[in-house]
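Source file: target_25.cif; contents: mmCIF, C-alpha atoms.
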```
data_query
loop_
_atom_site.label_atom_id
_atom_site.label_comp_id
_atom_site.auth_asym_id
_atom_site.auth_seq_id
_atom_site.Cartn_x
_atom_site.Cartn_y
_atom_site.Cartn_z
CA MET O 243 -14.50 -15.30 23.74
CA ILE O 244 -12.21 -16.41 20.92
CA ASN O 245 -11.68 -20.14 20.48
CA THR O 246 -7.93 -20.87 20.74
CA ASN O 247 -8.04 -23.71 18.19
CA ASN O 248 -9.77 -21.46 15.71
CA LEU O 249 -7.19 -18.76 16.34
CA GLU O 250 -4.33 -21.13 15.60
CA GLN O 251 -5.98 -22.25 12.38
CA ASP O 252 -6.84 -18.67 11.41
CA VAL O 253 -3.27 -17.45 11.90
CA ARG O 254 -1.91 -20.35 9.89
CA LEU O 255 -4.35 -19.63 7.04
CA LEU O 256 -3.59 -15.95 7.13
CA ILE O 257 0.17 -16.49 6.92
CA ALA O 258 -0.25 -19.12 4.20
CA ASP O 259 -2.24 -16.63 2.15
CA ILE O 260 0.43 -13.94 2.49
CA ILE O 261 3.36 -16.18 1.64
CA GLU O 262 1.31 -17.98 -1.02
CA MET O 263 1.72 -21.52 0.31
CA GLU O 264 -0.72 -24.26 1.18
CA PRO O 265 -1.43 -24.12 4.96
CA ASN O 266 -0.60 -27.79 5.41
CA GLN O 267 2.84 -27.24 3.87
CA ILE O 268 3.84 -24.86 6.63
CA ASP O 269 5.71 -26.28 9.59
CA PRO O 270 4.63 -24.20 12.61
CA ASN O 271 8.25 -23.97 13.71
CA ALA O 272 9.77 -23.20 10.33
CA HIS O 273 11.54 -19.86 10.22
CA LEU O 274 9.37 -17.50 8.16
CA VAL O 275 12.31 -15.66 6.62
CA GLU O 276 14.99 -18.32 6.33
CA ASP O 277 12.77 -21.30 5.52
CA LEU O 278 9.68 -19.83 3.92
CA GLY O 279 11.04 -16.77 2.14
CA MET O 280 9.02 -14.13 3.97
CA ASP O 281 10.34 -10.56 3.84
CA SER O 282 9.84 -7.62 6.20
CA MET O 283 6.92 -6.26 4.17
CA MET O 284 5.13 -9.62 4.38
CA ALA O 285 5.71 -9.61 8.15
CA LEU O 286 4.02 -6.21 8.30
CA GLU O 287 1.14 -7.64 6.25
CA VAL O 288 0.82 -10.47 8.80
CA LEU O 289 0.69 -7.90 11.60
CA ALA O 290 -1.95 -5.86 9.76
CA ALA O 291 -3.98 -8.98 8.96
CA LEU O 292 -3.93 -10.04 12.64
CA GLU O 293 -5.07 -6.56 13.66
CA ARG O 294 -7.89 -6.59 11.14
CA LYS O 295 -8.99 -10.14 11.94
CA TYR O 296 -9.15 -9.69 15.70
CA LYS O 297 -9.73 -5.93 15.86
CA ILE O 298 -6.61 -5.47 17.98
CA LYS O 299 -3.63 -3.11 17.88
CA ILE O 300 -0.14 -4.63 17.87
CA PRO O 301 2.82 -2.25 18.32
CA GLU O 302 5.40 -2.03 15.54
CA ASP O 303 8.16 -3.24 17.85
CA GLU O 304 6.55 -6.69 17.95
CA LEU O 305 7.40 -7.16 14.26
CA PRO O 306 10.84 -8.74 14.79
CA ARG O 307 9.21 -11.33 17.07
CA ILE O 308 7.11 -12.80 14.26
CA THR O 309 9.72 -15.35 13.26
CA THR O 310 7.61 -18.52 13.02
CA VAL O 311 3.94 -19.43 12.72
CA SER O 312 4.04 -20.55 16.37
CA ARG O 313 5.39 -17.14 17.43
CA ALA O 314 2.69 -15.38 15.43
CA ILE O 315 0.05 -17.52 17.14
CA GLU O 316 1.51 -16.69 20.57
CA LEU O 317 1.51 -13.00 19.71
CA ALA O 318 -2.10 -13.08 18.51
CA LYS O 319 -3.19 -14.93 21.66
CA ARG O 320 -1.45 -12.38 23.88
CA TYR O 321 -3.14 -9.38 22.27
CA VAL O 322 -6.54 -11.00 21.82
CA GLN O 323 -6.63 -11.73 25.54
CA MET N 159 9.26 23.00 3.04
CA PHE N 160 8.05 19.60 4.20
CA ASN N 161 6.21 20.99 7.19
CA LYS N 162 4.35 23.36 4.90
CA LEU N 163 3.42 20.49 2.62
CA ALA N 164 2.42 18.30 5.52
CA VAL N 165 -0.23 20.75 6.68
CA SER N 166 -1.53 21.76 3.24
CA ALA N 167 -4.97 20.46 2.41
CA GLN N 168 -4.17 20.52 -1.32
CA LEU N 169 -1.06 20.17 -3.46
CA ASP N 170 -0.54 21.44 -6.97
CA PHE N 171 1.62 19.78 -9.63
CA GLU N 172 4.81 21.60 -8.61
CA GLU N 173 4.34 20.71 -4.93
CA ILE N 174 3.74 17.06 -5.87
CA LYS N 175 7.07 17.07 -7.73
CA GLN N 176 8.80 18.18 -4.54
CA ILE N 177 7.64 14.95 -2.89
CA ILE N 178 7.75 12.26 -5.56
CA PRO N 179 10.73 11.70 -7.85
CA GLN N 180 8.82 10.39 -10.87
CA ARG N 181 8.87 12.56 -13.98
CA PHE N 182 7.52 12.44 -17.55
CA PRO N 183 6.40 10.02 -18.82
CA PHE N 184 5.84 8.40 -15.46
CA LEU N 185 4.33 11.15 -13.33
CA MET N 186 0.75 9.93 -12.89
CA LEU N 187 -0.58 12.56 -10.51
CA ASP N 188 -1.75 16.07 -11.47
CA ARG N 189 -3.12 17.40 -8.21
CA VAL N 190 -3.88 16.40 -4.64
CA ILE N 191 -7.29 17.81 -3.73
CA ALA N 192 -7.46 16.58 -0.15
CA LEU N 193 -4.70 15.68 2.25
CA GLU N 194 -5.06 14.84 5.90
CA PRO N 195 -1.80 13.34 7.18
CA GLY N 196 -2.47 9.96 8.79
CA ILE N 197 -6.12 9.99 7.66
CA CYS N 198 -6.40 10.13 3.86
CA ALA N 199 -5.24 11.63 0.57
CA VAL N 200 -7.19 12.19 -2.62
CA GLY N 201 -5.28 12.63 -5.88
CA LEU N 202 -6.38 13.50 -9.41
CA LYS N 203 -5.00 12.25 -12.70
CA ASN N 204 -6.42 13.62 -15.93
CA LEU N 205 -5.97 11.19 -18.80
CA THR N 206 -5.58 12.73 -22.23
CA GLY N 207 -5.46 10.89 -25.51
CA ASN N 208 -1.83 11.99 -25.70
CA GLU N 209 -0.60 9.73 -22.85
CA PHE N 210 2.42 7.78 -24.06
CA PHE N 211 0.95 4.39 -23.19
CA TYR N 212 -2.04 4.75 -25.51
CA GLN N 213 0.32 4.38 -28.48
CA GLY N 214 0.64 0.70 -27.72
CA HIS N 215 -2.33 -0.02 -25.44
CA PHE N 216 -3.99 -0.40 -27.87
CA PRO N 217 -3.25 1.00 -31.33
CA LYS N 218 -6.83 0.43 -32.54
CA LYS N 219 -8.62 1.35 -29.31
CA ALA N 220 -6.99 3.28 -26.46
CA VAL N 221 -7.65 1.76 -23.02
CA THR N 222 -5.77 2.78 -19.87
CA PRO N 223 -3.45 -0.02 -18.73
CA GLY N 224 -4.22 -1.29 -15.23
CA VAL N 225 -0.55 -0.99 -14.29
CA MET N 226 -0.70 2.76 -14.97
CA ILE N 227 -3.73 3.08 -12.69
CA GLY N 228 -1.66 1.13 -10.15
CA GLU N 229 1.16 3.64 -10.59
CA ALA N 230 -1.23 6.57 -10.01
CA ILE N 231 -2.40 4.82 -6.84
CA ALA N 232 1.18 4.23 -5.68
CA GLN N 233 2.14 7.87 -6.28
CA THR N 234 -0.87 9.09 -4.29
CA GLY N 235 0.24 6.66 -1.59
CA ILE N 236 3.76 8.10 -1.59
CA VAL N 237 2.41 11.63 -1.07
CA PHE N 238 0.19 10.37 1.74
CA PHE N 239 2.91 8.32 3.44
CA HIS N 240 5.50 11.07 3.11
CA THR N 241 3.27 13.78 4.58
CA SER N 242 2.09 11.48 7.37
CA GLN N 243 5.59 10.98 8.79
CA ASN N 244 6.32 12.87 12.00
CA SER N 245 10.08 12.42 11.86
CA THR N 246 12.57 14.64 10.05
CA PRO N 247 12.46 13.97 6.30
CA ARG N 248 15.16 11.50 5.22
CA ASP N 249 16.60 10.75 1.82
CA VAL N 250 14.46 7.72 1.08
CA THR N 251 13.19 6.05 -2.06
CA TYR N 252 9.69 4.63 -1.96
CA LEU N 253 9.28 1.17 -3.44
CA LEU N 254 6.08 -0.68 -4.16
CA ALA N 255 6.32 -3.97 -2.25
CA GLY N 256 2.87 -5.37 -2.94
CA LEU N 257 -0.21 -4.50 -4.96
CA LYS N 258 -3.59 -6.25 -4.91
CA LEU N 259 -6.11 -4.47 -7.12
CA ARG N 260 -9.42 -5.15 -8.82
CA PHE N 261 -10.18 -3.33 -12.05
CA LEU N 262 -13.93 -3.00 -12.25
CA GLU N 263 -14.44 -0.90 -15.39
CA PRO N 264 -12.27 0.18 -18.32
CA VAL N 265 -10.80 3.68 -18.16
CA TRP N 266 -10.68 5.76 -21.37
CA PRO N 267 -8.87 8.83 -22.67
CA GLY N 268 -10.69 11.89 -21.30
CA ASP N 269 -11.48 10.26 -17.95
CA GLN N 270 -10.35 11.84 -14.68
CA LEU N 271 -9.10 9.41 -12.04
CA ARG N 272 -9.96 10.35 -8.46
CA ILE N 273 -7.68 8.29 -6.25
CA LYS N 274 -8.46 8.00 -2.55
CA VAL N 275 -5.87 6.44 -0.26
CA THR N 276 -6.41 5.54 3.40
CA PRO N 277 -4.11 3.71 5.83
CA ILE N 278 -4.47 0.13 7.02
CA LYS N 279 -1.14 -0.02 8.87
CA MET N 280 1.80 2.39 8.90
CA THR N 281 5.22 2.20 10.48
CA ALA N 282 8.24 4.48 10.09
CA ASN N 283 9.49 2.49 7.11
CA ALA N 284 6.45 0.96 5.50
CA ALA N 285 2.75 1.38 4.93
CA ILE N 286 -0.11 -0.86 3.93
CA LEU N 287 -2.72 1.34 2.29
CA ARG N 288 -6.20 0.96 0.87
CA ALA N 289 -7.10 2.60 -2.45
CA GLU N 290 -10.32 3.37 -4.24
CA VAL N 291 -10.30 4.93 -7.71
CA THR N 292 -13.38 6.56 -9.18
CA VAL N 293 -14.25 8.15 -12.51
CA GLU N 294 -17.15 10.53 -11.92
CA ASP N 295 -19.15 8.46 -9.40
CA ARG N 296 -18.17 5.03 -10.65
CA ILE N 297 -15.61 2.92 -8.83
CA VAL N 298 -13.19 1.72 -11.51
CA SER N 299 -10.56 0.12 -9.29
CA ARG N 300 -10.00 -0.71 -5.65
CA GLY N 301 -7.55 -2.67 -3.57
CA GLU N 302 -4.59 -2.57 -1.22
CA PHE N 303 -0.91 -1.94 -1.63
CA THR N 304 2.28 -1.93 0.41
CA LEU N 305 4.94 0.77 0.20
CA ALA N 306 8.43 0.49 1.63
CA ALA N 307 10.68 3.48 2.34
CA LYS N 308 14.31 2.52 1.81
CA GLU N 309 17.29 4.74 2.55
CA THR N 310 18.44 5.82 -0.89
CA SER N 311 22.07 5.25 0.03
CA ALA N 312 21.28 1.61 0.85
CA LEU N 313 19.79 0.80 -2.56
#
```

Take the structure I supplied and represent it as structure tokens, if you would.
Amino acid sequence: MINTNNLEQDVRLLIADIIEMEPNQIDPNAHLVEDLGMDSMMALEVLAALERKYKIKIPEDELPRITTVSRAIELAKRYVQ
Amino acid sequence: MFNKLAVSAQLDFEEIKQIIPQRFPFLMLDRVIALEPGICAVGLKNLTGNEFFYQGHFPKKAVTPGVMIGEAIAQTGIVFFHTSQNSTPRDVTYLLAGLKLRFLEPVWPGDQLRIKVTPIKMTANAAILRAEVTVEDRIVSRGEFTLAAKETSAL
């Protein structure tokens, strides 16, 4: 059973690593592209990192839904369950 | 043409040139010795003392620049990504979007790079790939890289 609090922290750390920011500088509701400068390749890296971390498969068509850290956390929770 | 390439287990220099657009002095792949679309590709690059980059890197002692090893990795990745696509070939240009490599040992003139590429995540327009480069049995470099396929007309 995966701890939800850990998952939230893990996703935040993982995104911070990819966009090269300190985790505590990232507002969970900030737009990853418009506010934090993420591009489509970084979004794919987030998807791949989530898959690797939780040993899950996330379809490619979920990519456009990763718009904020909060959305990424929701997505991870959905597939981990 | 592409279907034939996609099912070939090996590619020679001329077949590689049908897939990747790089040419002298930037073609860093001599042969593909194993190719399983969607599974892995293994490329070879023979380094001679005549490579253009040894003139400046370094004049007193030739050492292969890490960026050129990165280029050989990227070109093997392009061959792998291209032959792993199921859709009709499009006029795309492959761009390196990210590269995270460790260089574990220096590589010298006379060495043969054996570049193995395997997928981490692939979509129709991008791939995150893992690479391991060996010289004889020694791992000289390893890491991950991201390739993006962009419509050439959109560049």

Rows by chain and residue number, chain N within 8 Å of chain O, shortest pair, all atoms listed in the file, as a tab-separated table:
```
residue	atom	partner	partner_atom	distance
N:Ala255	CA	O:Met283	CA	6.8
N:Ile278	CA	O:Ala290	CA	7.1
N:Lys279	CA	O:Ala290	CA	6.0
N:Thr281	CA	O:Glu302	CA	6.6
N:Ala284	CA	O:Met283	CA	7.4
N:Ile286	CA	O:Glu287	CA	7.3
N:Thr304	CA	O:Met283	CA	7.4
N:Ala306	CA	O:Met283	CA	7.4
```

query = Hey, which of N:Phe211, N:Lys258, N:Arg181, N:Ile191 ends up closest to Pro223 (chain N)? Count only C-alpha atoms.
reply = N:Phe211

request  = For region 247-263 of chain O, work out the shell of residues within 7 Å, counting all atoms listed in the file and skipping chain neighbours fewer than 6 positions away, then give it as a PyMOL selection string.
outcome  = chain O and resi 280+284+288+311+315

query = Mind telling me what the PyMOL selection byres ((chain N and resi 240) around 12) catches here, as a PyMOL selection string?
reply = chain N and resi 160-161+163-165+174+176-178+193-196+198-199+232-239+241-252+280-285+305-307

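If you look at CA of Phe171 (chain N) and CA of Pro277 (chain N), they are 23.0 Å away from each other.
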
ask   = Between N:Glu173, N:Glu263, N:Asp188, N:Asp269, which has the minimum distance to Arg300 (chain N) (counting all atoms listed in the file)?
value = N:Glu263

query = Do you have the CA of Gly279 (chain O)-CA of Leu253 (chain N) distance handy?
reply = 18.9 Å

Val200 (chain N) surroundings by only C-alpha atoms, 6 Å radius, close-in-sequence under 2 positions cut, as a list in words = Val190, Ile191, Ala192, Ile273 and Lys274 of chain N

Would you mind exporting the chosen residues as a PDB file, in the coordinates of the input, restricted to C-alpha atoms?
```pdb
ATOM      1  CA  VAL N 190      -3.880  16.400  -4.640  1.00  0.00           C
ATOM      2  CA  ILE N 191      -7.290  17.810  -3.730  1.00  0.00           C
ATOM      3  CA  ALA N 192      -7.460  16.580  -0.150  1.00  0.00           C
ATOM      4  CA  ILE N 273      -7.680   8.290  -6.250  1.00  0.00           C
ATOM      5  CA  LYS N 274      -8.460   8.000  -2.550  1.00  0.00           C
TER       6      LYS N 274
END
```

task = Spell out the residues picked by the PyMOL selection byres ((chain N and resi 291) around 9) here, as a PyMOL selection string.
result = chain N and resi 227+231+271-275+289-290+292-293+296-300

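All residues of protein, DNA or RNA that reach within 10 Å of Trp266 (chain N), judged by all atoms listed in the file and not counting those fewer than 5 positions away in the chain, are Leu205, Thr206, Gly207, Tyr212, Lys219, Ala220, Val221, Thr222, Pro223 and Val293 of chain N.
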
Saved selection, atoms kept: C-alpha atoms, as a PDB file, keeping the file's coordinate frame:
```pdb
ATOM      1  CA  LEU N 205      -5.970  11.190 -18.800  1.00  0.00           C
ATOM      2  CA  THR N 206      -5.580  12.730 -22.230  1.00  0.00           C
ATOM      3  CA  GLY N 207      -5.460  10.890 -25.510  1.00  0.00           C
ATOM      4  CA  TYR N 212      -2.040   4.750 -25.510  1.00  0.00           C
ATOM      5  CA  LYS N 219      -8.620   1.350 -29.310  1.00  0.00           C
ATOM      6  CA  ALA N 220      -6.990   3.280 -26.460  1.00  0.00           C
ATOM      7  CA  VAL N 221      -7.650   1.760 -23.020  1.00  0.00           C
ATOM      8  CA  THR N 222      -5.770   2.780 -19.870  1.00  0.00           C
ATOM      9  CA  PRO N 223      -3.450  -0.020 -18.730  1.00  0.00           C
ATOM     10  CA  VAL N 293     -14.250   8.150 -12.510  1.00  0.00           C
TER      11      VAL N 293
END
```

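Interatomic distance, CA of Asn208 (chain N) against CA of Glu229 (chain N): 17.5 Å.
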
message = Can you translate the PyMOL selection byres ((chain N and resi 183) around 10) into the concrete residues it hits in this file, as a ChimeraX atom specification?
response = /N:180-182,184-186,209-211

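If you count only C-alpha atoms and draw a sphere of 6 Å around (6.9, -8.5, 12.0), the protein and nucleic acid residues inside it come out as Ala285, Leu286, Leu305, Pro306 and Ile308 of chain O.
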